[in-house]
Each structure stands twice: as structure tokens, then as C-alpha cells.
$ cat protein-v3.txt   # compact mmCIF, C-alpha atoms
# COMPACT_ATOMS: atom_id res chain seq x y z
CA MET F 15 -20.64 11.49 -9.98
CA LYS F 16 -23.55 13.93 -9.96
CA ARG F 17 -24.38 12.91 -6.38
CA ILE F 18 -20.77 13.47 -5.27
CA VAL F 19 -20.62 16.92 -6.86
CA LEU F 20 -23.93 17.92 -5.31
CA GLY F 21 -22.64 16.72 -1.95
CA LEU F 22 -19.59 18.89 -2.31
CA LEU F 23 -21.69 21.89 -3.24
CA ALA F 24 -23.92 21.39 -0.22
CA ALA F 25 -21.03 20.86 2.15
CA THR F 26 -19.25 24.01 1.02
CA ALA F 27 -22.22 26.35 0.70
CA LEU F 28 -21.09 28.97 3.18
CA SER F 29 -21.98 32.62 2.70
CA VAL F 30 -19.28 34.58 0.90
CA SER F 31 -20.22 37.56 3.04
CA ALA F 32 -18.75 35.72 6.04
CA TYR F 33 -15.24 36.14 4.68
CA ALA F 34 -12.97 39.13 4.43
CA ALA F 35 -12.42 40.03 0.80
CA ASP F 36 -8.87 38.71 0.70
CA ASP F 37 -9.07 36.09 3.45
CA LYS F 38 -10.91 32.95 2.38
CA PRO F 39 -9.17 29.93 3.90
CA ALA F 40 -10.33 26.34 3.49
CA LEU F 41 -9.48 22.97 4.99
CA ILE F 42 -9.90 19.48 3.56
CA PHE F 43 -9.64 16.52 5.92
CA ASP F 44 -8.19 13.12 5.15
CA LEU F 45 -10.17 9.91 5.43
CA GLY F 46 -11.16 9.18 9.01
CA GLY F 47 -13.06 12.43 9.56
CA LYS F 48 -12.33 15.66 11.39
CA PHE F 49 -13.29 14.25 14.79
CA ASP F 50 -10.83 11.34 14.76
CA LYS F 51 -9.28 12.62 18.03
CA SER F 52 -5.95 12.53 16.21
CA PHE F 53 -4.48 13.85 12.94
CA ASN F 54 -7.53 15.40 11.31
CA GLU F 55 -8.82 16.85 14.54
CA ALA F 56 -5.50 18.55 15.12
CA ALA F 57 -5.88 20.34 11.78
CA PHE F 58 -9.45 21.26 12.69
CA ASN F 59 -8.38 22.66 16.05
CA GLY F 60 -5.80 24.87 14.35
CA ALA F 61 -8.40 26.18 11.92
CA GLU F 62 -10.88 26.77 14.73
CA LYS F 63 -8.29 28.75 16.68
CA TYR F 64 -7.59 30.90 13.64
CA ALA F 65 -11.30 31.55 13.20
CA ALA F 66 -11.63 32.49 16.87
CA ASP F 67 -8.61 34.81 16.76
CA SER F 68 -9.40 36.48 13.45
CA GLY F 69 -13.18 36.36 13.24
CA VAL F 70 -12.80 34.85 9.77
CA LYS F 71 -14.72 31.69 8.96
CA PHE F 72 -13.13 28.87 7.01
CA ARG F 73 -14.67 26.36 4.66
CA GLU F 74 -14.13 22.68 5.27
CA PHE F 75 -14.85 19.31 3.71
CA GLU F 76 -14.56 15.74 4.94
CA ILE F 77 -13.79 13.40 2.05
CA GLN F 78 -15.51 10.04 1.90
CA ASN F 79 -13.43 8.51 -0.89
CA GLU F 80 -10.18 9.06 -2.76
CA ALA F 81 -11.74 10.85 -5.75
CA GLN F 82 -13.17 13.62 -3.61
CA ARG F 83 -9.76 15.07 -2.78
CA GLU F 84 -9.30 16.47 -6.27
CA GLN F 85 -12.95 17.49 -6.52
CA ALA F 86 -12.85 19.39 -3.24
CA LEU F 87 -9.58 21.12 -4.10
CA ARG F 88 -10.91 22.24 -7.46
CA LYS F 89 -14.22 23.38 -6.00
CA PHE F 90 -12.59 25.52 -3.31
CA ALA F 91 -10.02 26.95 -5.73
CA SER F 92 -12.74 27.77 -8.28
CA ASP F 93 -14.64 29.65 -5.58
CA GLY F 94 -11.59 31.77 -4.77
CA ASN F 95 -10.61 30.14 -1.49
CA SER F 96 -6.97 30.54 -0.51
CA PRO F 97 -4.97 29.23 1.20
CA ILE F 98 -6.38 25.73 0.95
CA VAL F 99 -4.92 23.28 3.48
CA ILE F 100 -5.28 19.57 2.85
CA ALA F 101 -4.27 17.00 5.45
CA GLY F 102 -2.55 13.76 4.53
CA PHE F 103 0.16 12.37 2.25
CA SER F 104 -2.45 10.74 0.01
CA ALA F 105 -3.40 14.16 -1.36
CA ALA F 106 -0.05 14.68 -3.09
CA ALA F 107 -1.22 13.69 -6.58
CA ALA F 108 -4.38 15.79 -6.33
CA ILE F 109 -2.42 18.84 -5.13
CA GLU F 110 0.14 18.35 -7.89
CA LYS F 111 -2.60 18.48 -10.51
CA VAL F 112 -4.94 21.14 -9.13
CA SER F 113 -2.24 23.58 -8.02
CA GLY F 114 -1.07 23.74 -11.62
CA GLU F 115 -4.56 24.65 -12.77
CA PHE F 116 -4.85 27.48 -10.22
CA PRO F 117 -1.39 29.14 -10.08
CA ASP F 118 -2.69 32.14 -8.11
CA THR F 119 -4.19 29.99 -5.35
CA LYS F 120 -2.11 29.08 -2.32
CA PHE F 121 -2.13 25.43 -1.28
CA VAL F 122 -0.73 23.62 1.75
CA ILE F 123 -0.23 19.88 2.07
CA ILE F 124 0.66 18.23 5.36
CA ASP F 125 2.81 15.09 5.42
CA ALA F 126 3.92 15.14 1.77
CA GLN F 127 6.15 17.15 -0.54
CA VAL F 128 4.81 18.77 -3.71
CA ASP F 129 7.26 20.97 -5.58
CA LYS F 130 5.08 23.73 -6.99
CA PRO F 131 5.59 27.51 -6.69
CA ASN F 132 2.21 27.95 -4.98
CA VAL F 133 2.40 24.96 -2.60
CA ARG F 134 3.72 24.81 0.95
CA SER F 135 4.66 21.29 2.03
CA VAL F 136 4.80 20.67 5.78
CA ILE F 137 6.80 17.61 6.81
CA PHE F 138 7.05 16.54 10.44
CA ASN F 139 9.97 14.57 11.83
CA ASP F 140 7.63 11.94 13.25
CA ASN F 141 10.59 9.67 13.98
CA GLU F 142 11.91 12.16 16.54
CA GLY F 143 8.64 12.49 18.43
CA SER F 144 8.22 8.72 18.34
CA TYR F 145 11.72 8.31 19.75
CA LEU F 146 10.71 10.40 22.76
CA VAL F 147 7.61 8.32 23.51
CA GLY F 148 9.73 5.19 22.98
CA VAL F 149 11.99 6.34 25.80
CA ILE F 150 8.92 6.87 27.99
CA ALA F 151 7.47 3.47 27.06
CA ALA F 152 10.67 1.63 27.90
CA LYS F 153 10.98 3.35 31.27
CA ALA F 154 7.34 2.69 32.17
CA SER F 155 7.14 -0.94 31.05
CA LYS F 156 7.16 -3.55 33.77
CA THR F 157 7.35 -6.56 31.44
CA GLY F 158 10.13 -5.35 29.18
CA THR F 159 7.81 -5.83 26.20
CA VAL F 160 6.14 -2.88 24.48
CA SER F 161 4.42 -2.59 21.13
CA PHE F 162 3.42 -0.43 18.16
CA ILE F 163 0.26 -0.45 16.06
CA GLY F 164 0.31 1.47 12.80
CA GLY F 165 -2.60 2.38 10.56
CA MET F 166 -2.02 1.97 6.84
CA ASP F 167 1.29 0.26 6.07
CA VAL F 168 3.12 3.12 4.35
CA PRO F 169 6.60 4.66 4.75
CA LEU F 170 5.18 7.50 6.88
CA ILE F 171 3.97 5.05 9.53
CA ARG F 172 7.12 2.95 9.23
CA ASN F 173 8.96 6.15 10.18
CA PHE F 174 6.86 6.44 13.35
CA ALA F 175 7.59 2.80 14.17
CA CYS F 176 11.32 3.14 13.56
CA GLY F 177 11.68 6.16 15.82
CA TYR F 178 9.69 4.41 18.53
CA VAL F 179 11.91 1.31 18.42
CA GLY F 180 14.97 3.57 18.50
CA GLY F 181 13.81 5.28 21.68
CA VAL F 182 12.89 2.01 23.35
CA LYS F 183 16.19 0.31 22.51
CA ALA F 184 18.27 3.34 23.52
CA THR F 185 16.64 3.11 26.94
CA ASN F 186 16.51 -0.67 27.35
CA ALA F 187 18.59 -2.62 24.84
CA ASP F 188 16.95 -5.88 25.98
CA ALA F 189 13.39 -4.67 25.48
CA LYS F 190 11.13 -6.46 23.03
CA VAL F 191 9.07 -4.35 20.60
CA ILE F 192 6.10 -5.99 18.86
CA GLN F 193 4.96 -4.26 15.68
CA ASN F 194 1.76 -4.63 13.66
CA MET F 195 0.06 -2.61 10.94
CA THR F 196 -3.71 -2.46 10.64
CA GLY F 197 -3.92 -2.82 6.87
CA ASP F 198 -2.73 -1.69 3.46
CA THR F 199 -5.72 0.40 2.38
CA PRO F 200 -7.07 3.75 3.65
CA ALA F 201 -9.68 1.83 5.67
CA ALA F 202 -6.85 1.09 8.12
CA TRP F 203 -7.16 4.64 9.48
CA ASN F 204 -10.70 4.17 10.75
CA ASP F 205 -11.14 0.69 12.20
CA PRO F 206 -11.22 0.95 16.03
CA SER F 207 -12.49 -2.63 16.37
CA LYS F 208 -9.51 -4.07 14.53
CA GLY F 209 -7.20 -1.78 16.48
CA GLY F 210 -8.60 -3.22 19.69
CA GLU F 211 -8.17 -6.78 18.44
CA ILE F 212 -4.53 -6.20 17.51
CA ALA F 213 -3.90 -4.56 20.88
CA LYS F 214 -5.33 -7.58 22.71
CA SER F 215 -3.09 -9.89 20.70
CA GLN F 216 -0.04 -7.82 21.59
CA MET F 217 -0.97 -7.76 25.26
CA ASP F 218 -1.35 -11.54 25.16
CA GLN F 219 2.32 -11.57 24.06
CA GLY F 220 3.34 -9.56 27.09
CA SER F 221 3.10 -5.95 25.92
CA ASP F 222 2.08 -3.55 28.66
CA VAL F 223 2.62 -0.27 26.75
CA ILE F 224 1.15 0.21 23.27
CA PHE F 225 1.83 3.14 20.94
CA ALA F 226 -0.79 3.61 18.24
CA ALA F 227 -0.08 5.72 15.15
CA ALA F 228 -3.27 4.79 13.36
CA GLY F 229 -5.71 7.70 13.19
CA GLY F 230 -9.21 6.74 14.29
CA THR F 231 -8.12 3.10 14.63
CA GLY F 232 -5.98 4.17 17.55
CA ILE F 233 -9.09 4.98 19.58
CA GLY F 234 -9.78 1.25 19.75
CA VAL F 235 -6.18 0.57 20.75
CA LEU F 236 -6.29 3.02 23.65
CA GLN F 237 -9.66 1.62 24.77
CA ALA F 238 -8.39 -1.97 24.74
CA ALA F 239 -5.27 -1.03 26.69
CA ALA F 240 -7.27 0.86 29.29
CA ASP F 241 -9.77 -2.00 29.65
CA ALA F 242 -6.89 -4.42 30.29
CA ASP F 243 -5.28 -2.08 32.83
CA LYS F 244 -2.31 -1.54 30.50
CA LEU F 245 -0.96 1.72 29.10
CA GLY F 246 -1.58 3.25 25.70
CA ILE F 247 0.27 6.05 23.94
CA GLY F 248 -1.72 8.46 21.79
CA VAL F 249 -0.66 10.25 18.63
CA ASP F 250 -0.87 13.59 16.82
CA SER F 251 -3.35 15.25 19.20
CA ASN F 252 -3.09 15.07 22.99
CA GLN F 253 -5.15 11.95 23.71
CA ASN F 254 -4.21 11.70 27.39
CA GLY F 255 -7.69 12.71 28.46
CA LEU F 256 -9.45 9.89 26.61
CA HIS F 257 -8.55 7.50 29.44
CA PRO F 258 -6.99 9.51 32.28
CA GLY F 259 -4.34 7.51 34.08
CA LYS F 260 -4.26 4.87 31.33
CA VAL F 261 -2.72 6.89 28.50
CA LEU F 262 0.98 7.12 29.32
CA THR F 263 1.53 10.08 26.98
CA SER F 264 0.78 11.19 23.43
CA MET F 265 3.20 11.89 20.60
CA LEU F 266 2.26 15.43 19.72
CA LYS F 267 2.41 16.44 16.08
CA ARG F 268 1.58 20.11 15.74
CA VAL F 269 -0.69 19.87 12.73
CA ASP F 270 -2.82 22.47 14.49
CA VAL F 271 0.02 24.98 14.43
CA ALA F 272 0.84 24.21 10.77
CA THR F 273 -2.80 24.83 9.81
CA TYR F 274 -3.09 27.99 11.89
CA ASN F 275 0.15 29.41 10.49
CA ALA F 276 -0.88 28.67 6.92
CA PHE F 277 -4.16 30.55 7.34
CA LYS F 278 -2.50 33.45 9.13
CA ASP F 279 0.38 33.74 6.67
CA GLY F 280 -2.15 33.85 3.84
CA ALA F 281 -4.08 36.66 5.52
CA ASP F 282 -0.94 38.62 6.39
CA GLY F 283 0.55 38.39 2.93
CA LYS F 284 3.44 36.33 4.30
CA PHE F 285 2.65 33.01 2.66
CA THR F 286 5.70 31.16 1.37
CA ALA F 287 5.87 28.03 -0.73
CA GLY F 288 8.47 25.30 -0.41
CA VAL F 289 9.16 22.57 2.14
CA SER F 290 9.04 23.13 5.88
CA TYR F 291 10.51 20.44 8.15
CA LEU F 292 9.37 20.48 11.76
CA GLY F 293 11.02 18.35 14.42
CA VAL F 294 11.74 18.37 18.15
CA LYS F 295 14.04 21.39 17.85
CA ASP F 296 11.29 23.43 16.16
CA GLY F 297 8.53 22.35 18.54
CA GLY F 298 6.87 20.48 15.69
CA VAL F 299 6.80 17.17 17.58
CA ASP F 300 6.91 16.46 21.29
CA TYR F 301 5.38 14.34 24.04
CA ALA F 302 2.29 15.36 26.03
CA ALA F 303 2.35 15.98 29.77
CA ASP F 304 -0.74 17.19 31.63
CA GLU F 305 -2.90 16.44 34.65
CA ASN F 306 -4.18 13.25 33.03
CA ASN F 307 -0.80 11.52 32.99
CA ALA F 308 1.01 13.44 35.75
CA LYS F 309 1.11 10.42 38.06
CA LEU F 310 2.41 8.18 35.28
CA LEU F 311 5.36 10.36 34.30
CA THR F 312 7.64 9.74 37.27
CA ASP F 313 10.68 11.89 37.93
CA ASP F 314 12.84 9.10 36.51
CA ILE F 315 10.83 9.02 33.28
CA LYS F 316 10.81 12.79 32.92
CA LYS F 317 14.55 12.97 33.47
CA ALA F 318 15.17 10.33 30.80
CA VAL F 319 12.88 11.82 28.16
CA GLU F 320 14.09 15.38 28.73
CA ALA F 321 17.68 14.18 28.35
CA ALA F 322 16.73 12.45 25.09
CA LYS F 323 14.97 15.60 23.92
CA ALA F 324 18.05 17.72 24.68
CA ASP F 325 20.28 15.27 22.84
CA ILE F 326 18.10 15.42 19.73
CA ILE F 327 18.05 19.22 19.81
CA SER F 328 21.83 19.42 20.24
CA GLY F 329 22.46 16.88 17.51
CA LYS F 330 24.09 14.39 19.85
CA VAL F 331 21.34 11.93 18.96
CA LYS F 332 20.27 11.66 15.34
CA VAL F 333 17.12 9.59 15.06
CA HIS F 334 17.15 7.44 11.95
CA SER F 335 14.59 8.36 9.29
CA TYR F 336 12.93 5.44 7.54
CA PHE F 337 12.61 7.65 4.46
CA SER F 338 16.40 7.82 4.06
CA ASP F 339 16.79 4.17 3.08
CA ASN F 340 13.40 2.46 3.56
CA ALA F 341 14.87 0.55 6.47
CA CYS F 342 15.18 0.74 10.25
CA PRO F 343 18.51 -0.09 11.91
CA TYR F 344 17.17 -0.47 15.42
CA LYS F 345 16.86 -4.10 16.48
$ encode --input "protein-v3.txt" --output "C-alpha cells"
Amino acid sequence: MKRIVLGLLAATALSVSAYAADDKPALIFDLGGKFDKSFNEAAFNGAEKYAADSGVKFREFEIQNEAQREQALRKFASDGNSPIVIAGFSAAAAIEKVSGEFPDTKFVIIDAQVDKPNVRSVIFNDNEGSYLVGVIAAKASKTGTVSFIGGMDVPLIRNFACGYVGGVKATNADAKVIQNMTGDTPAAWNDPSKGGEIAKSQMDQGSDVIFAAAGGTGIGVLQAAADADKLGIGVDSNQNGLHPGKVLTSMLKRVDVATYNAFKDGADGKFTAGVSYLGVKDGGVDYAADENNAKLLTDDIKKAVEAAKADIISGKVKVHSYFSDNACPYK
């Protein structure tokens, strides 16, 4: 315990003089690390943009185990940091406890809901963004078989999977969708080797487009797909550039914007608590199009996915949420 506390103290020992008197933001990453090219890195990019725009430094900490979430939250709050953003649904219990101890500190949790007067909960409609990339996958597939690889087997990732299947089936009712999860512990977020192995198994079953919603594990999935001359789909951050021409698209989840807005709202005195839901209509989730996948997104694909996007925004298409009944109706 002493070693952990000392590690926290060392990791957070930034000069107080670097901060404005009333602007002391902090960011705590989930397991997998801030440079996971996915979820955590999106949060980091948002914080970095805020620092560049405002000239205000932020404190940060990468947890190495479950216990450090609560320790890091308490350390930052004790030092007067606010708002404190923490990435990941697994932080809900820690936020619930620590936010009660520091009622004047502003907290933000991404991907979970904590009902406290000083907590902002940011929930993304991951099913909607996954539906869009499902449409793209079905249109791009030559075999009629596509697949999904999740990280830790939890309802959040089941929601990604369900939306993806919905988009695929709406586009090609006869398509086959293979689904696998990497594991049932937090280690599932950071196992690129296992991700690659699962991807190879899916490709052996005919999959030629693989969507990975698995944090750092997804890096191995995209690598395996590229090596086999198949197509991968990235998640959270724009991962198209990891393997140009081999990443069909990425399901964008604007964790960067949520982090940036939390920091800015805190500085501007506009911070609000409560639950914020961000979907396609709000620009919270989307698909990535850039020079790296321009040749892959044909006019036919773009027409189909933009039509699906418009239908979600108008309400014509309501993508099923796994959270509503712990089930997925798409077969």
C-alpha cells in the first residue's frame, strides 16, 4: 500500500504554480493506458487540446490496478483539483464514494451513471455508432460474413455488438455475424496477442471485415486483419491511420469532446451535474472518413451509411439498446 501511495504522489507531483487559481483539472485513465490508440487516448487528446487552448496544465494518472481508482480520485480531490474526469464504467463505485466525501469538487465519469449532485455522467449511444459501421461492414464484405471482437464481456460491449449486428442485418439480412469477447476480467482490454488470435479464428470462418471494440486489444485485431489482407474497423478514436487502406473505418466516440467540455465548463463556471446522453444526433458517435480510407468508402457505401445516419437522426430508425432488456433482437 505504501508503494502504491508513493507512486501516486510521484505521478501527480506537478507544480501548483502551473495552474490558474480556480482552474485545476485532472484526468484519470482506465486500465489499458493513455496511449491505447482508443478510448483512453481519446480522453487524453481532449485534455491536451484544452491545455493547448487555455494554457492550463492538467494532472493525470494511469491506474495499474482496480484499487488505484479510488486512491487517485481522493488524492486529486484532496489537492483541490476540479473538475476530475475519470474514464470508464468501472470507476462508478469509486466515484460514488469519493464524490460524497468531497461535495465541493466536480467529478465527471464517462460510460457510467452516478447520481450525485457534483457528478456529471456522460453516456454515449455506442449502439448507434456501431450500427453505422455495421452498415459499412455489410456493404464492404465480399464473403457475406463479418465479425465482432469485444474486450471485457460486459453490457457496455454487448451494446456495441448489438448495434453492429443491427446495422449489418439491416443492410444484408443474409449476412453472418461472428461474435467473440476477449475475456471477463479487465485484462481483456489490453491483450493485443489474444485479439490477433481471435481475429485469425474469425477469418478462418470466412470473416473479411472485423470490428473490434476492445481497447488496446483491438490493436492486435487490426494488425491481424491487415496482415491477412482483410479489413478491420477501429473504435473510439480514429484508427484509420494505423493501417491505411486496411482499416475500413472507425466508430468514433467523442470522449475527447466530453473531456474537453468538462474542463472548459469547470473553468467557465458552467459545470452542470446530471446525465448527458450523446448519440448520432448530437455528434457524440459517428464513423470516420479520411484520406486513409477514402478509397475503401465507395459512393455506394457512403450513400448507404449516410441514409442510415439520417434515419437515426430523424427517428425513423431506432437502434436497439442492449441496456434496455439485456438482450439483442437482431438475428
$ atom_distance --input "protein-v3.txt" --atom1 "atom CA of F:Gly230" --atom2 "atom CA of F:Asn204"
4.6 Å
$ residues_around --input "protein-v3.txt" --residues "F:Gln85" --least-positions-apart "2" --cutoff "10 Å" --atoms "all atoms listed in the file" --output "list in words"
Ile18, Val19, Leu22, Ile77, Glu80, Ala81, Gln82, Arg83, Leu87, Arg88, Lys89, Phe90, Ala91, Ala108 and Val112 of chain F
$ write_last_selection --input "protein-v3.txt" --atoms "C-alpha atoms" --output "PDB file, in the coordinates of the input"
ATOM      1  CA  ILE F  18     -20.770  13.470  -5.270  1.00  0.00           C
ATOM      2  CA  VAL F  19     -20.620  16.920  -6.860  1.00  0.00           C
ATOM      3  CA  LEU F  22     -19.590  18.890  -2.310  1.00  0.00           C
ATOM      4  CA  ILE F  77     -13.790  13.400   2.050  1.00  0.00           C
ATOM      5  CA  GLU F  80     -10.180   9.060  -2.760  1.00  0.00           C
ATOM      6  CA  ALA F  81     -11.740  10.850  -5.750  1.00  0.00           C
ATOM      7  CA  GLN F  82     -13.170  13.620  -3.610  1.00  0.00           C
ATOM      8  CA  ARG F  83      -9.760  15.070  -2.780  1.00  0.00           C
ATOM      9  CA  LEU F  87      -9.580  21.120  -4.100  1.00  0.00           C
ATOM     10  CA  ARG F  88     -10.910  22.240  -7.460  1.00  0.00           C
ATOM     11  CA  LYS F  89     -14.220  23.380  -6.000  1.00  0.00           C
ATOM     12  CA  PHE F  90     -12.590  25.520  -3.310  1.00  0.00           C
ATOM     13  CA  ALA F  91     -10.020  26.950  -5.730  1.00  0.00           C
ATOM     14  CA  ALA F 108      -4.380  15.790  -6.330  1.00  0.00           C
ATOM     15  CA  VAL F 112      -4.940  21.140  -9.130  1.00  0.00           C
TER      16      VAL F 112
END
$ closest_residue --input "protein-v3.txt" --among "F:Cys342, F:Leu256, F:Ile171, F:Ala242" --to "F:Ala227" --atoms "only C-alpha atoms"
F:Ile171
$ atom_distance --input "protein-v3.txt" --atom1 "atom CA of F:Asn254" --atom2 "atom CA of F:Phe75"
27.1 Å
$ residues_around --input "protein-v3.txt" --residues "F:Leu41" --least-positions-apart "5" --cutoff "7 Å" --atoms "all atoms listed in the file" --output "PyMOL selection string"
chain F and resi 73-75+98-100
$ atom_distance --input "protein-v3.txt" --atom1 "atom CA of F:Phe277" --atom2 "atom CA of F:Lys63"
10.4 Å
$ closest_residue --input "protein-v3.txt" --among "F:Ser113, F:Asn79, F:Ser251, F:Ser290" --to "F:Asn59" --atoms "all atoms listed in the file"
F:Ser251
$ closest_residue --input "protein-v3.txt" --among "F:Ala324, F:Val149, F:Ala281, F:Leu311" --to "F:Pro39" --atoms "all atoms listed in the file"
F:Ala281
$ closest_residue --input "protein-v3.txt" --among "F:Ser135, F:Ser161, F:Gln193, F:Ser52" --to "F:Ser264" --atoms "all atoms listed in the file"
F:Ser52
$ closest_residue --input "protein-v3.txt" --among "F:Ala341, F:Ile163, F:Ile327, F:Ala308" --to "F:Val191" --atoms "all atoms listed in the file"
F:Ile163
$ residues_near_point --input "protein-v3.txt" --point "(14.7, 2.1, 17.7)" --cutoff "9 Å" --atoms "only C-alpha atoms" --output "PyMOL selection string"
chain F and resi 145+148+175-184+333-334+342-345
$ closest_residue --input "protein-v3.txt" --among "F:Lys323, F:Asp243, F:Gly220, F:Lys284" --to "F:Lys260" --atoms "only C-alpha atoms"
F:Asp243
$ closest_atom_pairs --input "protein-v3.txt" --of "stretch 148-264 of chain F" --to "stretch 298-302 of chain F" --cutoff "12 Å" --atoms "all atoms listed in the file" --output "JSON lines"
{"residue": "F:Gly148", "atom": "CA", "partner": "F:Tyr301", "partner_atom": "CA", "distance": 10.2}
{"residue": "F:Val149", "atom": "CA", "partner": "F:Tyr301", "partner_atom": "CA", "distance": 10.5}
{"residue": "F:Ile150", "atom": "CA", "partner": "F:Tyr301", "partner_atom": "CA", "distance": 9.2}
{"residue": "F:Ala151", "atom": "CA", "partner": "F:Tyr301", "partner_atom": "CA", "distance": 11.5}
{"residue": "F:Phe174", "atom": "CA", "partner": "F:Val299", "partner_atom": "CA", "distance": 11.5}
{"residue": "F:Ile247", "atom": "CA", "partner": "F:Tyr301", "partner_atom": "CA", "distance": 9.7}
{"residue": "F:Gly248", "atom": "CA", "partner": "F:Ala302", "partner_atom": "CA", "distance": 9.0}
{"residue": "F:Val249", "atom": "CA", "partner": "F:Tyr301", "partner_atom": "CA", "distance": 9.1}
{"residue": "F:Asp250", "atom": "CA", "partner": "F:Val299", "partner_atom": "CA", "distance": 8.5}
{"residue": "F:Ser251", "atom": "CA", "partner": "F:Ala302", "partner_atom": "CA", "distance": 8.9}
{"residue": "F:Asn252", "atom": "CA", "partner": "F:Ala302", "partner_atom": "CA", "distance": 6.2}
{"residue": "F:Gln253", "atom": "CA", "partner": "F:Ala302", "partner_atom": "CA", "distance": 8.5}
{"residue": "F:Asn254", "atom": "CA", "partner": "F:Ala302", "partner_atom": "CA", "distance": 7.6}
{"residue": "F:Gly255", "atom": "CA", "partner": "F:Ala302", "partner_atom": "CA", "distance": 10.6}
{"residue": "F:Val261", "atom": "CA", "partner": "F:Ala302", "partner_atom": "CA", "distance": 10.1}
{"residue": "F:Leu262", "atom": "CA", "partner": "F:Ala302", "partner_atom": "CA", "distance": 9.0}
{"residue": "F:Thr263", "atom": "CA", "partner": "F:Ala302", "partner_atom": "CA", "distance": 5.4}
{"residue": "F:Ser264", "atom": "CA", "partner": "F:Ala302", "partner_atom": "CA", "distance": 5.1}
$ axis_aligned_box --input "protein-v3.txt" --around "stretch 179-182 of chain F" --padding-each-side "4 Å" --output "AutoDock Vina command-line options"
--center_x 13.4 --center_y 3.3 --center_z 20.9 --size_x 11.1 --size_y 12.0 --size_z 12.9
$ residues_around --input "protein-v3.txt" --residues "F:Phe138" --least-positions-apart "5" --cutoff "8 Å" --atoms "all atoms listed in the file" --output "PDB file with C-alpha atoms, in the coordinates of the input"
ATOM      1  CA  ASP F 125       2.810  15.090   5.420  1.00  0.00           C
ATOM      2  CA  LYS F 267       2.410  16.440  16.080  1.00  0.00           C
ATOM      3  CA  TYR F 291      10.510  20.440   8.150  1.00  0.00           C
ATOM      4  CA  LEU F 292       9.370  20.480  11.760  1.00  0.00           C
ATOM      5  CA  GLY F 293      11.020  18.350  14.420  1.00  0.00           C
ATOM      6  CA  GLY F 298       6.870  20.480  15.690  1.00  0.00           C
ATOM      7  CA  VAL F 299       6.800  17.170  17.580  1.00  0.00           C
TER       8      VAL F 299
END
$ residues_around --input "protein-v3.txt" --residues "F:Phe337" --least-positions-apart "3" --cutoff "9 Å" --atoms "all atoms listed in the file" --output "PyMOL selection string"
chain F and resi 169-170+172-173+334+340-341
$ residues_near_point --input "protein-v3.txt" --point "(5.6, -4.5, 28.5)" --cutoff "9 Å" --atoms "only C-alpha atoms" --output "list of chain:residue names"
F:Ala151, F:Ala152, F:Ala154, F:Ser155, F:Lys156, F:Thr157, F:Gly158, F:Thr159, F:Val160, F:Ser161, F:Ala189, F:Lys190, F:Val191, F:Met217, F:Gln219, F:Gly220, F:Ser221, F:Asp222, F:Val223, F:Ile224, F:Lys244
$ residues_around --input "protein-v3.txt" --residues "F:Phe53" --least-positions-apart "4" --cutoff "10 Å" --atoms "all atoms listed in the file" --output "ChimeraX atom specification"
/F:43-44,46-49,57-58,101-102,227-230,249-251,266-270
$ build_atoms --input "protein-v3.txt" --residues "stretch 137-149 of chain F" --atoms "N, CA, C and O atoms" --output "PDB file, in the coordinates of the input"
ATOM      1  N   ILE F 137       6.357  18.956   6.471  1.00  0.00           N
ATOM      2  CA  ILE F 137       6.800  17.610   6.810  1.00  0.00           C
ATOM      3  C   ILE F 137       7.230  17.592   8.273  1.00  0.00           C
ATOM      4  O   ILE F 137       8.048  18.412   8.698  1.00  0.00           O
ATOM      5  N   PHE F 138       6.680  16.678   9.034  1.00  0.00           N
ATOM      6  CA  PHE F 138       7.050  16.540  10.440  1.00  0.00           C
ATOM      7  C   PHE F 138       8.055  15.404  10.616  1.00  0.00           C
ATOM      8  O   PHE F 138       7.947  14.366   9.961  1.00  0.00           O
ATOM      9  N   ASN F 139       9.011  15.626  11.500  1.00  0.00           N
ATOM     10  CA  ASN F 139       9.970  14.570  11.830  1.00  0.00           C
ATOM     11  C   ASN F 139       9.322  13.635  12.866  1.00  0.00           C
ATOM     12  O   ASN F 139       9.669  13.640  14.051  1.00  0.00           O
ATOM     13  N   ASP F 140       8.393  12.834  12.366  1.00  0.00           N
ATOM     14  CA  ASP F 140       7.630  11.940  13.250  1.00  0.00           C
ATOM     15  C   ASP F 140       8.541  10.963  13.978  1.00  0.00           C
ATOM     16  O   ASP F 140       8.230  10.533  15.098  1.00  0.00           O
ATOM     17  N   ASN F 141       9.660  10.599  13.349  1.00  0.00           N
ATOM     18  CA  ASN F 141      10.590   9.670  13.980  1.00  0.00           C
ATOM     19  C   ASN F 141      11.150  10.228  15.284  1.00  0.00           C
ATOM     20  O   ASN F 141      11.365   9.498  16.246  1.00  0.00           O
ATOM     21  N   GLU F 142      11.361  11.554  15.328  1.00  0.00           N
ATOM     22  CA  GLU F 142      11.910  12.160  16.540  1.00  0.00           C
ATOM     23  C   GLU F 142      10.899  12.148  17.690  1.00  0.00           C
ATOM     24  O   GLU F 142      11.233  11.813  18.829  1.00  0.00           O
ATOM     25  N   GLY F 143       9.664  12.520  17.391  1.00  0.00           N
ATOM     26  CA  GLY F 143       8.640  12.490  18.430  1.00  0.00           C
ATOM     27  C   GLY F 143       8.384  11.071  18.909  1.00  0.00           C
ATOM     28  O   GLY F 143       8.166  10.826  20.109  1.00  0.00           O
ATOM     29  N   SER F 144       8.430  10.119  17.980  1.00  0.00           N
ATOM     30  CA  SER F 144       8.220   8.720  18.340  1.00  0.00           C
ATOM     31  C   SER F 144       9.362   8.187  19.191  1.00  0.00           C
ATOM     32  O   SER F 144       9.166   7.333  20.061  1.00  0.00           O
ATOM     33  N   TYR F 145      10.568   8.677  18.939  1.00  0.00           N
ATOM     34  CA  TYR F 145      11.720   8.310  19.750  1.00  0.00           C
ATOM     35  C   TYR F 145      11.481   8.713  21.206  1.00  0.00           C
ATOM     36  O   TYR F 145      11.743   7.928  22.133  1.00  0.00           O
ATOM     37  N   LEU F 146      10.967   9.913  21.401  1.00  0.00           N
ATOM     38  CA  LEU F 146      10.710  10.400  22.760  1.00  0.00           C
ATOM     39  C   LEU F 146       9.711   9.502  23.491  1.00  0.00           C
ATOM     40  O   LEU F 146       9.933   9.125  24.647  1.00  0.00           O
ATOM     41  N   VAL F 147       8.602   9.151  22.819  1.00  0.00           N
ATOM     42  CA  VAL F 147       7.610   8.320  23.510  1.00  0.00           C
ATOM     43  C   VAL F 147       8.129   6.885  23.654  1.00  0.00           C
ATOM     44  O   VAL F 147       7.695   6.144  24.546  1.00  0.00           O
ATOM     45  N   GLY F 148       9.088   6.494  22.808  1.00  0.00           N
ATOM     46  CA  GLY F 148       9.730   5.190  22.980  1.00  0.00           C
ATOM     47  C   GLY F 148      10.549   5.146  24.254  1.00  0.00           C
ATOM     48  O   GLY F 148      10.561   4.133  24.967  1.00  0.00           O
ATOM     49  N   VAL F 149      11.235   6.245  24.541  1.00  0.00           N
ATOM     50  CA  VAL F 149      11.990   6.340  25.800  1.00  0.00           C
ATOM     51  C   VAL F 149      11.029   6.203  26.985  1.00  0.00           C
ATOM     52  O   VAL F 149      11.292   5.459  27.939  1.00  0.00           O
TER      53      VAL F 149
END
